[in-house]
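Chemist: See protein.csv below, with CSV, C-alpha atoms and all ligand atoms.
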chain,number,residue,atom,x,y,z
P,1,MET,CA,-12.2,-37.5,-9.6
P,2,THR,CA,-14.0,-35.5,-12.3
P,3,GLY,CA,-13.6,-31.9,-13.4
P,4,THR,CA,-10.6,-29.6,-13.0
P,5,PRO,CA,-9.5,-28.7,-9.5
P,6,ALA,CA,-10.2,-25.0,-8.9
P,7,ALA,CA,-6.5,-24.4,-8.1
P,8,ALA,CA,-5.5,-25.7,-11.5
P,9,LYS,CA,-7.6,-23.1,-13.4
P,10,THR,CA,-5.4,-20.2,-12.5
P,11,SER,CA,-1.7,-19.9,-12.5
P,12,ASP,CA,0.3,-19.5,-9.3
P,13,HIS,CA,1.2,-16.0,-10.5
P,14,ASP,CA,-2.5,-15.1,-10.5
P,15,PRO,CA,-3.3,-15.1,-6.8
P,16,ILE,CA,-6.4,-12.9,-7.3
P,17,GLY,CA,-7.8,-15.5,-9.5
P,18,HIS,CA,-8.2,-17.7,-6.5
P,19,LEU,CA,-10.5,-15.2,-4.8
P,20,SER,CA,-14.2,-15.1,-5.5
P,21,PRO,CA,-15.1,-12.6,-8.2
P,22,THR,CA,-18.1,-11.6,-6.1
P,23,MET,CA,-16.2,-11.3,-2.8
P,24,LEU,CA,-16.3,-7.5,-2.8
P,25,GLU,CA,-19.6,-7.0,-4.6
P,26,GLY,CA,-21.5,-4.1,-3.2
P,27,HIS,CA,-18.3,-2.6,-1.8
P,28,VAL,CA,-17.0,0.9,-2.7
P,29,ALA,CA,-13.2,1.3,-2.3
P,30,PHE,CA,-11.4,4.7,-2.1
P,31,ILE,CA,-7.7,4.3,-2.9
P,32,THR,CA,-5.1,7.1,-2.5
P,33,GLY,CA,-2.2,6.8,-4.8
P,34,GLY,CA,-4.4,4.4,-6.8
P,35,GLY,CA,-3.1,5.6,-10.2
P,36,SER,CA,0.0,3.5,-10.2
P,37,GLY,CA,2.2,0.9,-8.5
P,38,ILE,CA,1.2,-1.1,-5.5
P,39,ASN,CA,-2.0,0.9,-5.1
P,40,LEU,CA,-3.1,0.3,-8.7
P,41,GLY,CA,-2.4,-3.4,-8.0
P,42,ILE,CA,-4.7,-3.3,-5.1
P,43,ALA,CA,-7.3,-1.5,-7.3
P,44,ARG,CA,-7.0,-4.3,-9.8
P,45,ALA,CA,-7.5,-6.9,-7.2
P,46,PHE,CA,-10.6,-5.1,-5.8
P,47,ALA,CA,-12.0,-4.8,-9.4
P,48,ARG,CA,-11.6,-8.5,-10.0
P,49,CYS,CA,-13.4,-9.2,-6.7
P,50,GLY,CA,-16.4,-7.1,-7.8
P,51,ALA,CA,-15.9,-3.8,-6.0
P,52,ALA,CA,-16.6,-0.3,-7.3
P,53,ILE,CA,-13.5,1.8,-7.2
P,54,ALA,CA,-12.6,5.5,-6.7
P,55,ILE,CA,-8.9,6.3,-7.2
P,56,CYS,CA,-7.2,9.5,-6.0
P,57,GLY,CA,-3.8,10.9,-6.9
P,58,ARG,CA,-2.0,14.1,-7.9
P,59,THR,CA,-1.9,13.4,-11.7
P,60,GLU,CA,-5.2,13.5,-13.6
P,61,GLU,CA,-3.7,11.8,-16.7
P,62,ARG,CA,-2.4,8.9,-14.6
P,63,LEU,CA,-5.7,8.5,-12.9
P,64,ALA,CA,-7.5,8.6,-16.3
P,65,GLY,CA,-5.3,5.8,-17.7
P,66,ALA,CA,-5.7,3.6,-14.5
P,67,ALA,CA,-9.5,4.2,-14.6
P,68,GLU,CA,-9.7,3.1,-18.2
P,69,GLU,CA,-7.8,-0.1,-17.4
P,70,LEU,CA,-10.0,-0.8,-14.4
P,71,ARG,CA,-13.2,-0.2,-16.4
P,72,GLY,CA,-11.8,-2.6,-19.0
P,73,MET,CA,-11.9,-5.2,-16.2
P,74,GLY,CA,-15.6,-4.5,-15.8
P,75,ALA,CA,-15.4,-2.3,-12.7
P,76,LYS,CA,-17.4,0.8,-12.0
P,77,VAL,CA,-14.7,3.4,-11.5
P,78,THR,CA,-14.4,7.1,-10.8
P,79,TYR,CA,-11.6,9.5,-9.9
P,80,LYS,CA,-10.9,13.1,-8.9
P,81,ALA,CA,-7.4,14.3,-8.6
P,82,ALA,CA,-6.2,15.5,-5.2
P,83,ASP,CA,-2.9,15.8,-3.3
P,84,VAL,CA,-3.3,13.9,0.0
P,85,ARG,CA,-1.4,16.7,1.7
P,86,ASP,CA,-4.4,19.0,1.0
P,87,PRO,CA,-7.3,17.9,3.3
P,88,GLU,CA,-9.9,20.0,1.4
P,89,ALA,CA,-8.9,18.7,-2.0
P,90,LEU,CA,-8.9,15.2,-0.6
P,91,GLN,CA,-12.4,15.7,0.9
P,92,ALA,CA,-13.6,16.9,-2.5
P,93,SER,CA,-12.2,13.7,-4.1
P,94,VAL,CA,-14.0,11.6,-1.4
P,95,ASP,CA,-17.3,13.6,-1.9
P,96,HIS,CA,-17.0,13.0,-5.6
P,97,ALA,CA,-16.5,9.3,-5.1
P,98,VAL,CA,-19.5,9.0,-2.7
P,99,SER,CA,-21.8,11.0,-5.1
P,100,GLU,CA,-20.8,8.7,-8.0
P,101,LEU,CA,-20.5,5.3,-6.3
P,102,GLY,CA,-22.2,5.5,-2.9
P,103,ASP,CA,-20.8,5.3,0.6
P,104,ILE,CA,-17.2,4.1,0.8
P,105,SER,CA,-16.7,0.8,2.7
P,106,ILE,CA,-13.0,0.3,2.0
P,107,THR,CA,-10.3,3.0,2.4
P,108,VAL,CA,-6.8,2.3,1.2
P,109,ALA,CA,-4.3,4.9,2.4
P,110,GLY,CA,-1.6,4.2,0.0
P,111,ALA,CA,-0.1,7.5,-1.3
P,112,ALA,CA,3.6,7.7,-0.4
P,113,GLY,CA,6.8,9.6,-1.2
P,114,ASN,CA,10.3,8.4,-0.8
P,115,PHE,CA,14.0,9.3,-1.6
P,116,PHE,CA,17.3,8.4,0.1
P,117,ALA,CA,18.8,11.3,2.0
P,118,LYS,CA,21.2,11.7,4.8
P,119,ALA,CA,19.4,12.8,8.0
P,120,GLU,CA,22.0,15.6,8.7
P,121,GLU,CA,21.8,16.9,5.2
P,122,MET,CA,18.2,16.9,4.1
P,123,SER,CA,16.2,20.1,4.6
P,124,ALA,CA,13.4,20.4,7.1
P,125,ASN,CA,11.1,20.7,4.1
P,126,ALA,CA,12.3,17.4,2.7
P,127,PHE,CA,11.6,15.6,5.9
P,128,ARG,CA,8.3,17.3,6.3
P,129,THR,CA,7.3,16.5,2.7
P,130,VAL,CA,7.4,12.8,3.3
P,131,VAL,CA,5.7,13.0,6.7
P,132,ASP,CA,3.0,15.2,5.0
P,133,ILE,CA,2.4,12.7,2.2
P,134,ASP,CA,2.7,9.5,4.1
P,135,LEU,CA,1.4,10.2,7.6
P,136,MET,CA,-0.7,13.3,7.3
P,137,GLY,CA,-2.1,12.0,3.9
P,138,ALA,CA,-3.1,8.8,5.6
P,139,TYR,CA,-4.8,10.6,8.4
P,140,HIS,CA,-6.6,12.9,6.0
P,141,ALA,CA,-7.9,9.9,4.0
P,142,ALA,CA,-9.1,8.2,7.2
P,143,ARG,CA,-10.8,11.3,8.4
P,144,ALA,CA,-12.4,12.2,5.1
P,145,THR,CA,-13.9,8.8,4.7
P,146,PHE,CA,-14.9,8.3,8.3
P,147,PRO,CA,-18.6,9.3,7.8
P,148,SER,CA,-18.9,6.8,5.0
P,149,LEU,CA,-17.1,4.1,6.9
P,150,GLN,CA,-19.3,4.7,9.9
P,151,LYS,CA,-22.4,4.0,7.8
P,152,THR,CA,-21.0,1.0,6.0
P,153,ARG,CA,-19.1,-0.4,9.1
P,154,GLY,CA,-16.1,-0.4,6.7
P,155,SER,CA,-12.4,-0.9,6.9
P,156,ILE,CA,-9.2,1.1,6.4
P,157,LEU,CA,-6.0,-0.4,5.1
P,158,PHE,CA,-2.8,1.6,5.6
P,159,ILE,CA,0.1,0.8,3.3
P,160,SER,CA,3.2,0.8,5.5
P,161,ALA,CA,6.8,-0.3,5.0
P,162,SER,CA,9.5,-2.1,6.9
P,163,GLN,CA,11.1,1.2,7.6
P,164,ALA,CA,8.4,1.7,10.3
P,165,PHE,CA,10.1,-0.9,12.5
P,166,LYS,CA,13.5,-1.6,11.0
P,167,ALA,CA,16.0,1.2,11.3
P,168,THR,CA,17.3,2.0,7.8
P,169,LYS,CA,20.1,4.3,6.7
P,170,TYR,CA,19.0,7.4,4.8
P,171,GLN,CA,15.4,6.7,5.5
P,172,ALA,CA,14.9,8.7,8.7
P,173,HIS,CA,12.0,10.7,7.2
P,174,VAL,CA,10.3,7.6,5.8
P,175,GLY,CA,10.8,5.6,9.0
P,176,ALA,CA,9.3,8.4,11.1
P,177,ALA,CA,6.3,8.7,8.8
P,178,LYS,CA,5.6,5.0,8.5
P,179,ALA,CA,6.1,4.4,12.2
P,180,GLY,CA,3.5,7.1,12.7
P,181,ILE,CA,1.2,5.3,10.3
P,182,GLU,CA,1.5,2.0,12.3
P,183,MET,CA,0.4,3.7,15.5
P,184,LEU,CA,-2.4,5.7,13.8
P,185,MET,CA,-3.6,2.3,12.4
P,186,LYS,CA,-3.8,0.9,16.0
P,187,ASP,CA,-5.3,4.0,17.5
P,188,LEU,CA,-8.1,4.0,15.0
P,189,ALA,CA,-8.7,0.3,15.4
P,190,VAL,CA,-9.4,1.0,19.1
P,191,GLU,CA,-11.2,4.3,18.7
P,192,TRP,CA,-13.3,3.4,15.7
P,193,GLY,CA,-13.9,-0.2,16.6
P,194,GLY,CA,-17.2,0.8,18.3
P,195,HIS,CA,-18.4,2.0,14.9
P,196,GLY,CA,-17.6,-1.4,13.4
P,197,ILE,CA,-14.7,0.1,11.5
P,198,ARG,CA,-11.6,-2.1,11.1
P,199,SER,CA,-8.1,-0.7,10.7
P,200,ASN,CA,-5.1,-2.7,9.5
P,201,SER,CA,-1.8,-2.2,7.8
P,202,LEU,CA,0.0,-4.0,5.1
P,203,VAL,CA,3.8,-4.0,4.8
P,204,PRO,CA,4.9,-4.8,1.3
P,205,GLY,CA,8.4,-5.9,0.5
P,206,PRO,CA,10.0,-5.0,-2.8
P,207,VAL,CA,7.4,-5.0,-5.6
P,208,GLU,CA,8.2,-5.4,-9.3
P,209,GLY,CA,7.7,-2.4,-11.6
P,210,THR,CA,7.0,0.2,-8.9
P,211,GLU,CA,8.3,3.8,-8.6
P,212,GLY,CA,9.3,2.9,-5.0
P,213,MET,CA,11.6,0.1,-6.1
P,214,ALA,CA,13.0,2.2,-9.0
P,215,ARG,CA,14.0,4.8,-6.4
P,216,LEU,CA,15.2,2.4,-3.7
P,217,ALA,CA,17.1,0.0,-6.0
P,218,GLY,CA,18.3,2.8,-8.3
P,219,PRO,CA,21.7,3.1,-6.6
P,220,THR,CA,22.4,-0.6,-6.3
P,221,GLY,CA,20.4,-2.5,-9.0
P,222,ASP,CA,17.7,-5.1,-8.5
P,223,ASP,CA,19.9,-8.2,-8.1
P,224,LEU,CA,21.2,-7.2,-4.7
P,225,TRP,CA,17.6,-6.7,-3.4
P,226,LYS,CA,16.5,-10.0,-4.9
P,227,ARG,CA,19.3,-11.9,-3.3
P,228,ALA,CA,18.3,-10.4,0.1
P,229,VAL,CA,14.7,-11.8,-0.2
P,230,PRO,CA,14.5,-15.4,1.0
P,231,LEU,CA,12.0,-16.1,-1.8
P,232,GLY,CA,14.6,-14.7,-4.2
P,233,ARG,CA,12.3,-12.4,-6.2
P,234,TYR,CA,10.2,-9.2,-6.1
P,235,ALA,CA,6.5,-9.4,-5.4
P,236,GLN,CA,4.0,-8.9,-8.2
P,237,THR,CA,1.6,-6.1,-7.5
P,238,GLU,CA,-1.2,-8.7,-7.7
P,239,GLU,CA,0.3,-10.6,-4.7
P,240,ILE,CA,0.0,-7.4,-2.6
P,241,GLY,CA,-3.5,-6.8,-4.1
P,242,ALA,CA,-4.7,-10.3,-3.1
P,243,MET,CA,-3.8,-9.8,0.5
P,244,ALA,CA,-5.3,-6.3,0.5
P,245,ALA,CA,-8.6,-7.8,-0.8
P,246,VAL,CA,-8.6,-10.5,1.9
P,247,LEU,CA,-7.9,-8.0,4.7
P,248,SER,CA,-10.4,-5.4,3.4
P,249,GLY,CA,-13.3,-7.7,2.7
P,250,PRO,CA,-15.5,-10.2,4.5
P,251,LEU,CA,-12.6,-12.7,5.0
P,252,GLY,CA,-11.0,-10.2,7.3
P,253,ALA,CA,-14.2,-9.4,9.3
P,254,TYR,CA,-12.6,-10.0,12.7
P,255,VAL,CA,-9.2,-8.6,11.9
P,256,THR,CA,-8.4,-5.2,13.2
P,257,GLY,CA,-5.4,-3.5,14.6
P,258,SER,CA,-3.1,-5.9,12.8
P,259,GLN,CA,-0.1,-5.5,10.6
P,260,TYR,CA,0.4,-7.9,7.7
P,261,THR,CA,3.8,-8.4,6.1
P,262,VAL,CA,3.9,-9.5,2.5
P,263,ASP,CA,7.6,-9.4,1.8
P,264,GLY,CA,8.9,-12.8,0.7
P,265,GLY,CA,10.6,-13.1,4.0
P,266,LEU,CA,12.8,-10.0,3.6
P,267,GLY,CA,11.9,-8.7,7.1
P,268,LEU,CA,13.3,-11.9,8.7
P,269,VAL,CA,16.8,-11.3,7.3
P,270,GLY,CA,18.9,-9.5,9.9
P,271,SER,CA,22.5,-9.0,9.0
P,272,GLY,CA,22.2,-10.5,5.6
P,273,HIS,CA,25.7,-9.6,4.5
P,274,ILE,CA,27.1,-11.3,7.6
P,275,SER,CA,25.1,-14.5,6.9
P,276,ASP,CA,26.3,-14.3,3.3
P,277,ALA,CA,29.9,-14.0,4.4
P,278,VAL,CA,29.6,-17.0,6.8
P,279,GLU,CA,28.0,-19.1,4.1
P,280,LYS,CA,30.7,-18.2,1.7
P,281,ALA,CA,33.4,-19.0,4.3
P,282,LEU,CA,31.9,-22.3,5.3
P,283,PHE,CA,30.4,-23.8,2.2
P,284,SER,CA,31.8,-22.3,-1.0
P,285,GLU,CA,34.1,-24.6,-3.0
P,286,GLY,CA,37.7,-23.8,-3.5
S,301,LIG,C1,17.0,15.3,-0.6
S,301,LIG,C2,15.0,15.9,-1.5
S,301,LIG,C3,15.1,14.8,-2.5
S,301,LIG,C4,16.2,14.0,-2.4
S,301,LIG,C5,13.2,15.9,-2.8
S,301,LIG,N1,13.8,16.5,-1.8
S,301,LIG,N2,13.9,14.9,-3.3
S,301,LIG,N3,15.9,16.1,-0.6
S,301,LIG,N4,17.1,14.2,-1.5
S,301,LIG,N5,16.4,13.0,-3.3
S,301,LIG,C6,13.4,17.7,-1.1
S,301,LIG,C7,13.3,18.9,-2.0
S,301,LIG,O1,14.5,19.5,-2.2
S,301,LIG,C8,12.3,19.8,-1.2
S,301,LIG,O2,13.0,20.5,-0.1
S,301,LIG,C9,11.4,18.8,-0.6
S,301,LIG,O3,12.1,17.5,-0.6
S,301,LIG,C10,10.1,18.7,-1.3
S,301,LIG,O4,10.5,18.3,-2.7
S,301,LIG,P1,9.5,18.7,-3.9
S,301,LIG,O5,10.1,18.1,-5.1
S,301,LIG,O6,9.2,20.1,-3.9
S,301,LIG,O7,8.2,17.9,-3.5
S,301,LIG,P2,7.1,17.2,-4.4
S,301,LIG,O8,7.1,17.7,-5.8
S,301,LIG,O9,5.9,17.4,-3.6
S,301,LIG,O10,7.6,15.7,-4.4
S,301,LIG,C11,7.5,14.9,-3.3
S,301,LIG,C12,8.6,13.9,-3.3
S,301,LIG,C13,8.7,13.1,-4.6
S,301,LIG,C14,8.4,12.8,-2.2
S,301,LIG,C15,9.9,14.6,-3.0
S,301,LIG,O11,9.8,12.2,-4.6
S,301,LIG,C16,7.5,12.4,-5.0
S,301,LIG,O12,6.6,13.0,-5.5
S,301,LIG,N6,7.4,11.1,-4.8
S,301,LIG,C17,6.1,10.4,-5.0
S,301,LIG,C18,6.4,9.0,-5.6
S,301,LIG,C19,7.2,8.1,-4.7
S,301,LIG,O13,8.2,8.6,-4.1
S,301,LIG,N7,6.9,6.9,-4.7
S,301,LIG,C20,7.7,5.9,-3.9
S,301,LIG,C21,7.0,5.5,-2.7
S,301,LIG,S1,7.9,4.2,-2.0
S,301,LIG,P3,13.5,22.0,-0.2
S,301,LIG,O14,14.1,22.3,1.1
S,301,LIG,O15,14.5,22.1,-1.3
S,301,LIG,O16,12.2,22.8,-0.5
S,301,LIG,C22,7.7,4.1,-0.4
S,301,LIG,C23,8.3,3.1,0.5
S,301,LIG,C24,8.6,1.8,-0.1
S,301,LIG,O17,7.0,4.9,0.1
S,301,LIG,C25,9.4,0.9,0.7
S,301,LIG,C26,9.6,-0.5,0.1
S,301,LIG,C27,10.6,-1.4,0.8
Can I see the file as structure tokens?
Modeler:
Amino acid sequence: MTGTPAAAKTSDHDPIGHLSPTMLEGHVAFITGGGSGINLGIARAFARCGAAIAICGRTEERLAGAAEELRGMGAKVTYKAADVRDPEALQASVDHAVSELGDISITVAGAAGNFFAKAEEMSANAFRTVVDIDLMGAYHAARATFPSLQKTRGSILFISASQAFKATKYQAHVGAAKAGIEMLMKDLAVEWGGHGIRSNSLVPGPVEGTEGMARLAGPTGDDLWKRAVPLGRYAQTEEIGAMAAVLSGPLGAYVTGSQYTVDGGLGLVGSGHISDAVEKALFSEG
């Protein structure tokens, strides 16, 4: 055999490198929350696959920094700050993206907010804030990009979370919002399928270096979380980005109304602490 096998050219920790650099050529992606974390990881993956990218978020400086990084990767990038809770501001950000880059063919509804709080203690405004950012923000993004998606026969990817289907203490607000996102995803797959628009969701597990994990692992530390994940580690943002690129581009052309879990197996682990106790009782020495 001559030459280097393609798989040997990129490391296992560079999953995007295994995708074609032209896979998303001609695509324009609009990504809410794209200035940081998982959503910036998705933007990086799209950039490496040849897409033009518009990012949206609340903080202008954060967007500017992310845009510079993405441009450094050779992508055409634009941004206009908006809070996803404000449909008019979000529409202005979408309009700006379309005027700079052309019609949007991939929408990523990724902006999210999270904190631990007891259901009986948090204020109505605290609960509403997360529903407004996660669920209403996702709806606003889908609605504002619909005219573009209709023209391009594009796709929407909702960033969900296991809280949507696994009951979690002190996450009632997040669970309600993310469960709503899952149903919105399915409703739009059915309602907009006739326009050629696909709608899917991605459920990331714990991801390295994100604000979400800083918040969720804040009280306990990372080790406890890592021990709970069957693969024993956090995801890299690139690993989430690679799956987002597959689902949003031509490889996912017949995939709609589906939920994809990229969590290292975490969602499979039921009563992890009971399994750990059984293991310790049965198999630990001494
Ligand atoms: C109880 C809280 C609270 C807390 C805020 N509130 N933090 N209540 N416990 N820790 C209450 C406030 O008192 C207020 O209610 C209301 O929520 C709104 O708070 P504000 O600070 O005014 O809102 P805002 O500035 O808009 O900030 C939104 C936010 C914030 C969600 C509260 O945390 C944020 O901006 N987060 C964005 C980044 C983020 O969270 N990323 C992680 C996403 S991870 P009152 O009644 O006082 O007015 C994720 C899931 C990942 O989504 C899952 C992985 C497994």
Chemist: For ligand LIG 301 (chain S), return the neighbouring residues as an mmCIF file with C-alpha atoms, in the frame of the given file (distance at most 6 Å; all atoms listed in the file).
Modeler:
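Wrote it out as part_17.cif, contents follow:
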data_model
loop_
_atom_site.group_PDB
_atom_site.id
_atom_site.type_symbol
_atom_site.label_atom_id
_atom_site.label_comp_id
_atom_site.auth_asym_id
_atom_site.auth_seq_id
_atom_site.Cartn_x
_atom_site.Cartn_y
_atom_site.Cartn_z
ATOM 1 C CA ALA P 112 3.600 7.700 -0.400
ATOM 2 C CA GLY P 113 6.800 9.600 -1.200
ATOM 3 C CA ASN P 114 10.300 8.400 -0.800
ATOM 4 C CA PHE P 115 14.000 9.300 -1.600
ATOM 5 C CA PHE P 116 17.300 8.400 0.100
ATOM 6 C CA ALA P 117 18.800 11.300 2.000
ATOM 7 C CA MET P 122 18.200 16.900 4.100
ATOM 8 C CA SER P 123 16.200 20.100 4.600
ATOM 9 C CA ASN P 125 11.100 20.700 4.100
ATOM 10 C CA ALA P 126 12.300 17.400 2.700
ATOM 11 C CA THR P 129 7.300 16.500 2.700
ATOM 12 C CA VAL P 130 7.400 12.800 3.300
ATOM 13 C CA ALA P 161 6.800 -0.300 5.000
ATOM 14 C CA GLY P 205 8.400 -5.900 0.500
ATOM 15 C CA PRO P 206 10.000 -5.000 -2.800
ATOM 16 C CA GLU P 211 8.300 3.800 -8.600
ATOM 17 C CA GLY P 212 9.300 2.900 -5.000
#
Chemist: Skipping near chain neighbours, those fewer than 6 positions away, what residues fall within 12 Å of Gln91 (chain P) using all atoms listed in the file, listed as a PyMOL selection string?
Modeler: chain P and resi 30+32+56+80-85+97-98+137+139-148
Chemist: Give me, please, the distance in Å between CA of Lys118 (chain P) and CA of Leu224 (chain P), quoted to one decimal.
Modeler: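 Pair CA of Lys118 (chain P) / CA of Leu224 (chain P) returns 21.2 Å.
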Chemist: Looking at all atoms listed in the file, which of P:Ala235, P:Leu282, P:Ile274, P:Leu90 is the one that sits closest to His13 (chain P)?
Modeler: P:Ala235
Chemist: Mind listing as a PyMOL selection string all residues within 8 Å of (-12.7, 2.6, -12.1), counting only C-alpha atoms?
Modeler: chain P and resi 47+52-55+66-71+75-79
Chemist: Between P:Ala172, P:Val229, P:Ala277, P:Ala179, single out the one closest to Glu121 (chain P), counting only C-alpha atoms.
Modeler: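 For Glu121 (chain P), the nearest of the candidates is P:Ala172.
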Chemist: Using all atoms listed in the file, can you tell me which of P:Val207, P:Ala89, P:His27, P:Gly154 comes closest to Leu101 (chain P)?
Modeler: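 For Leu101 (chain P), the nearest of the candidates is P:His27.
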Chemist: So which one's closest to Glu100 (chain P), P:Val28, P:Gly264, P:Lys178, P:Lys169? Using all atoms listed in the file, please.
Modeler: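 The shortest atom-to-atom distance to Glu100 (chain P) comes from P:Val28.
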Chemist: Quick one: residues within 9 Å of Leu24 (chain P), only C-alpha atoms counted, chain neighbours fewer than 6 positions away excluded, as number ranges by chain?
Modeler: P: 46-52, 245, 248-250
Chemist: Between P:Gly41, P:Gly194, P:Gly175, P:Gly35, which residue has the minimum interatomic distance to Glu61 (chain P), considering only C-alpha atoms?
Modeler: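 Between P:Gly41, P:Gly194, P:Gly175, P:Gly35, the residue approaching Glu61 (chain P) most closely is P:Gly35.
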Chemist: Interatomic distance between CA of Tyr170 (chain P) and CA of Ala119 (chain P)?
Modeler: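 Between these atoms lies a distance of 6.3 Å.
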Chemist: Just to confirm, what's the straight-line distance from CA of Ala281 (chain P) to CA of Leu231 (chain P) in Å (one decimal)?
Modeler: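 CA of Leu231 (chain P) lies at a distance of 22.4 Å from CA of Ala281 (chain P).
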Chemist: Counting all atoms listed in the file, which residue out of P:Gln236, P:Thr107, P:Ser155, P:Ser275 sits closest to Gly33 (chain P)?
Modeler: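 Of the candidates, the smallest distance to Gly33 (chain P) is held by P:Thr107.
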Chemist: Given the point (-2.9, 0.8, 15.3) in the file's coordinates, find the residues that have an atom at most 9 Å from it, counting only C-alpha atoms, and give them as a list in words.
Modeler: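 Here is the list of nearby residues: Ile181, Glu182, Met183, Leu184, Met185, Lys186, Asp187, Leu188, Ala189, Val190, Ser199, Asn200, Ser201, Thr256, Gly257, Ser258 and Gln259 of chain P.
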